[in-house]
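**Student:** Below you will find the structure I want to go over with you.
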Amino acid sequence: MIILLFIIIWLYAMARMRPLLERMAVTRASNTVNRIVTAAVNEAVENGSVSYEKLINFEKDHDGHIAAVYTNMAVCNRLQSEILDIILSRIEEVPAKELSIPIGTLLEIPVFAGRGPRISARMESMGSSSARFENVFISAGINQTSHRIILHIDVSLAILLPGFTTATKVSNAVTVAETIIVGIVPETYTYFSTNPSDGIDEQKDYVLNKG
């Protein structure tokens, strides 16, 4: 009878422990990956591997004004590969971590939460990753455009826990380079609000001033 009772309690504890272990494992693995990604990108920026001049080429007209912006795909692809290699190698170097949950937490009794002996489990993670560059252009004034190069990195993790496996995806978007592209400033310009209620008055003022 005692053995049967022990088995029942143990099975109940395991059923309760699985979702808690899964949440803890996903949170810890995600935090670890975020730190690894940030460190890898920062190192690439600091050592000069990532710079605006290397990633972007300008085409100019006869007057020296910028006519087109081109992405240097060869450099981008090489940098993506280098950064992904660093991330994956560091994920593989992360040692197995121990997760532990107090028995009082498993009982779902508030007064016992966080108390009692701990049930421990080992966590190991295996990952795959992908990356891509995105060009973002934002108006920054009269004929001025802010150009940002954003690196999107997605890391998919398989987290191995005792008796089961869970998975998660960690996504990061990091601005790796930015500049202001300055065009020709016109002698005069007209601004129209995007607010419909302001549009009629502004158009009337424009017509009267032009007249």
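Ordered as shown in the structure tokens, chains take letters A, B, and onward, while each chain numbers its residues from 1 and ligands are numbered from 1 in the order shown.
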Report as a list of chain:residue names all protein, DNA and RNA residues lying within 8 Å of Val33 (chain A), evaluated on only C-alpha atoms, omitting residues in the same chain fewer than 3 positions from it.
**Tutor:**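 Returned residues: A:Ala29, A:Ser30, A:Ile36, A:Val37, A:Ile91, A:Val155, A:Val170.
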**Student:** Could you write out that same residue set with C-alpha atoms as a tab-separated table (two decimals), in the first residue's frame?
**Tutor:**
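Generated file (part26.tsv):
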```tsv
chain	number	residue	atom	x	y	z
A	29	ALA	CA	17.13	29.02	-22.95
A	30	SER	CA	15.63	32.17	-24.51
A	36	ILE	CA	24.66	35.11	-27.23
A	37	VAL	CA	23.07	36.91	-30.21
A	91	ILE	CA	24.99	27.59	-28.12
A	155	VAL	CA	17.17	30.73	-33.47
A	170	VAL	CA	13.92	33.09	-30.26
```
**Student:** Name all residues at most 9 Å from Ile66 (chain A) (count only C-alpha atoms; drop same-chain ones fewer than 3 positions away) and give them as a list in words.
**Tutor:**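 Using only C-alpha atoms, the neighbours found are Phe58, Glu59, Lys60, Asp61, Asp63, Val69, Ile181, Val182 and Gly183 of chain A.
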**Student:** Need to verify the contact set: Ala177 (chain A), 9 Å, only C-alpha atoms, exclusion of same-chain residues closer than 3 positions in sequence. Can you return it as a ChimeraX atom specification?
**Tutor:** /A:45,50-52,55,147-150
**Student:** Just list the residues in region 40-124 of chain A DSSP gives helix (DSSP H, G or I) on the backbone, as a PyMOL selection string.
**Tutor:** chain A and resi 40-46+52-55+73-93+103-106+110-112
**Student:** Take the residues from that selection and write them out as a compact mmCIF listing (two decimals), in the first residue's frame, keeping N, CA, C and O atoms.
**Tutor:**
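Saved to part05.txt:
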```txt
# COMPACT_ATOMS: atom_id res chain seq x y z
N ALA A 40 27.38 38.36 -30.12
CA ALA A 40 27.94 38.06 -31.45
C ALA A 40 27.83 39.25 -32.39
O ALA A 40 28.77 39.57 -33.11
N VAL A 41 26.69 39.93 -32.39
CA VAL A 41 26.50 41.09 -33.26
C VAL A 41 27.39 42.25 -32.81
O VAL A 41 28.02 42.93 -33.64
N ASN A 42 27.46 42.48 -31.51
CA ASN A 42 28.31 43.56 -31.00
C ASN A 42 29.78 43.34 -31.37
O ASN A 42 30.49 44.30 -31.73
N GLU A 43 30.24 42.11 -31.28
CA GLU A 43 31.62 41.81 -31.66
C GLU A 43 31.86 42.08 -33.14
O GLU A 43 32.90 42.63 -33.52
N ALA A 44 30.89 41.70 -33.98
CA ALA A 44 31.03 41.94 -35.42
C ALA A 44 31.08 43.43 -35.73
O ALA A 44 31.83 43.87 -36.61
N VAL A 45 30.30 44.23 -35.01
CA VAL A 45 30.29 45.69 -35.22
C VAL A 45 31.59 46.30 -34.72
O VAL A 45 32.21 47.14 -35.39
N GLU A 46 32.06 45.87 -33.55
CA GLU A 46 33.25 46.47 -32.95
C GLU A 46 34.53 46.14 -33.73
O GLU A 46 35.43 46.97 -33.82
N TYR A 52 28.41 50.37 -42.36
CA TYR A 52 27.50 50.84 -43.41
C TYR A 52 28.20 50.84 -44.77
O TYR A 52 27.63 50.44 -45.78
N GLU A 53 29.46 51.30 -44.79
CA GLU A 53 30.20 51.41 -46.05
C GLU A 53 30.42 50.06 -46.72
O GLU A 53 30.48 49.97 -47.94
N LYS A 54 30.53 48.99 -45.91
CA LYS A 54 30.75 47.67 -46.49
C LYS A 54 29.45 47.04 -47.00
O LYS A 54 29.47 46.26 -47.95
N LEU A 55 28.35 47.39 -46.37
CA LEU A 55 27.08 46.75 -46.71
C LEU A 55 26.34 47.45 -47.85
O LEU A 55 25.51 46.82 -48.52
N MET A 73 25.35 42.30 -51.68
CA MET A 73 24.84 41.00 -51.26
C MET A 73 25.95 40.03 -50.87
O MET A 73 25.79 39.22 -49.96
N ALA A 74 27.08 40.11 -51.55
CA ALA A 74 28.19 39.20 -51.22
C ALA A 74 28.66 39.41 -49.79
O ALA A 74 28.87 38.44 -49.03
N VAL A 75 28.81 40.67 -49.41
CA VAL A 75 29.25 40.98 -48.04
C VAL A 75 28.18 40.59 -47.04
O VAL A 75 28.47 40.01 -45.98
N CYS A 76 26.92 40.89 -47.35
CA CYS A 76 25.82 40.55 -46.44
C CYS A 76 25.73 39.05 -46.21
O CYS A 76 25.58 38.59 -45.07
N ASN A 77 25.83 38.28 -47.27
CA ASN A 77 25.75 36.82 -47.13
C ASN A 77 26.91 36.27 -46.31
O ASN A 77 26.73 35.35 -45.49
N ARG A 78 28.12 36.83 -46.51
CA ARG A 78 29.27 36.37 -45.74
C ARG A 78 29.10 36.70 -44.26
O ARG A 78 29.39 35.87 -43.39
N LEU A 79 28.62 37.90 -43.97
CA LEU A 79 28.44 38.30 -42.58
C LEU A 79 27.36 37.47 -41.90
O LEU A 79 27.51 37.08 -40.74
N GLN A 80 26.27 37.21 -42.62
CA GLN A 80 25.23 36.37 -42.06
C GLN A 80 25.79 35.01 -41.67
O GLN A 80 25.52 34.50 -40.57
N SER A 81 26.58 34.42 -42.57
CA SER A 81 27.15 33.10 -42.31
C SER A 81 28.10 33.14 -41.12
O SER A 81 28.07 32.26 -40.25
N GLU A 82 28.94 34.18 -41.04
CA GLU A 82 29.90 34.29 -39.95
C GLU A 82 29.19 34.44 -38.60
O GLU A 82 29.55 33.78 -37.61
N ILE A 83 28.19 35.32 -38.56
CA ILE A 83 27.48 35.56 -37.30
C ILE A 83 26.71 34.32 -36.86
O ILE A 83 26.69 33.97 -35.67
N LEU A 84 26.08 33.64 -37.82
CA LEU A 84 25.34 32.43 -37.47
C LEU A 84 26.27 31.34 -36.96
O LEU A 84 25.92 30.61 -36.02
N ASP A 85 27.46 31.23 -37.55
CA ASP A 85 28.42 30.23 -37.08
C ASP A 85 28.82 30.50 -35.63
O ASP A 85 28.95 29.58 -34.81
N ILE A 86 29.04 31.78 -35.32
CA ILE A 86 29.42 32.15 -33.95
C ILE A 86 28.28 31.80 -32.98
O ILE A 86 28.51 31.23 -31.90
N ILE A 87 27.05 32.14 -33.36
CA ILE A 87 25.91 31.90 -32.48
C ILE A 87 25.74 30.41 -32.21
O ILE A 87 25.59 29.97 -31.06
N LEU A 88 25.78 29.60 -33.28
CA LEU A 88 25.56 28.16 -33.10
C LEU A 88 26.68 27.51 -32.30
O LEU A 88 26.44 26.63 -31.47
N SER A 89 27.92 27.96 -32.55
CA SER A 89 29.04 27.37 -31.80
C SER A 89 28.94 27.70 -30.32
O SER A 89 29.27 26.85 -29.46
N ARG A 90 28.47 28.88 -29.99
CA ARG A 90 28.36 29.26 -28.58
C ARG A 90 27.16 28.58 -27.91
O ARG A 90 27.21 28.30 -26.71
N ILE A 91 26.11 28.34 -28.68
CA ILE A 91 24.99 27.59 -28.12
C ILE A 91 25.43 26.17 -27.77
O ILE A 91 25.05 25.62 -26.73
N GLU A 92 26.24 25.58 -28.65
CA GLU A 92 26.73 24.22 -28.39
C GLU A 92 27.64 24.17 -27.17
O GLU A 92 27.75 23.13 -26.51
N GLU A 93 28.31 25.29 -26.88
CA GLU A 93 29.23 25.33 -25.74
C GLU A 93 28.52 25.53 -24.40
O GLU A 93 29.13 25.36 -23.34
N ILE A 103 8.95 20.89 -4.04
CA ILE A 103 7.76 20.04 -4.00
C ILE A 103 6.53 20.84 -3.59
O ILE A 103 5.42 20.60 -4.08
N GLY A 104 6.70 21.82 -2.73
CA GLY A 104 5.57 22.66 -2.30
C GLY A 104 4.91 23.37 -3.47
O GLY A 104 3.69 23.57 -3.48
N THR A 105 5.70 23.76 -4.47
CA THR A 105 5.13 24.40 -5.66
C THR A 105 4.28 23.42 -6.45
O THR A 105 3.24 23.79 -7.02
N LEU A 106 4.71 22.16 -6.52
CA LEU A 106 3.97 21.15 -7.27
C LEU A 106 2.61 20.85 -6.63
O LEU A 106 1.67 20.45 -7.31
N PRO A 110 -0.79 27.48 -1.91
CA PRO A 110 -0.05 28.74 -1.79
C PRO A 110 0.90 28.80 -0.60
O PRO A 110 2.02 29.29 -0.71
N VAL A 111 0.47 28.29 0.55
CA VAL A 111 1.31 28.39 1.74
C VAL A 111 2.59 27.58 1.61
O VAL A 111 3.60 27.87 2.27
N PHE A 112 2.58 26.55 0.77
CA PHE A 112 3.77 25.72 0.58
C PHE A 112 4.59 26.11 -0.66
O PHE A 112 5.60 25.46 -0.94
```
**Student:** Mind giving me the straight-line distance from CA of Leu151 (chain A) to CA of Ala68 (chain A) in Å, one decimal?
**Tutor:**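 Pair CA of Leu151 (chain A) / CA of Ala68 (chain A) returns 21.3 Å.
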**Student:** Would you work out the distance separating CA of Arg122 (chain A) from CA of Ile7 (chain A), expressed in Å to one decimal?
**Tutor:**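 Atom-to-atom, CA of Arg122 (chain A) and CA of Ile7 (chain A) are spaced 21.8 Å apart.
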**Student:** Quote the spacing between CA of Ile153 (chain A) and CA of Glu178 (chain A) in Å to one decimal place.
**Tutor:**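 Distance between the two atoms: 18.0 Å.
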**Student:** Could you check the closest approach to Gln144 (chain A) for each of A:Ser125, A:Ala167, A:Gly116, A:Thr179 and tell me which residue wins, using only C-alpha atoms?
**Tutor:**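 Counting only C-alpha atoms, the residue closest to Gln144 (chain A) is A:Thr179.
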**Student:** Point out the residue among A:Gly64, A:Gly163, A:Gly127, A:Gly141 with the least atom-to-atom distance to Leu21 (chain A), counting only C-alpha atoms.
**Tutor:** A:Gly163
**Student:** Asp154 (chain A): which residues within 9 Å, counting only C-alpha atoms, same-chain residues fewer than 6 positions away excluded, as a list in words?
**Tutor:**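 Contacts, in chain order: Ser128, Ser129, Ser130, Ala131, Lys169, Val170, Ser171, Asn172 and Ala173 of chain A.
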**Student:** Ranking A:Ser139, A:Thr145, A:Asn57, A:Thr32 by minimum distance to Ala96 (chain A) and counting only C-alpha atoms, which one comes first?
**Tutor:**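 Closest residue, counting only C-alpha atoms: A:Thr32.
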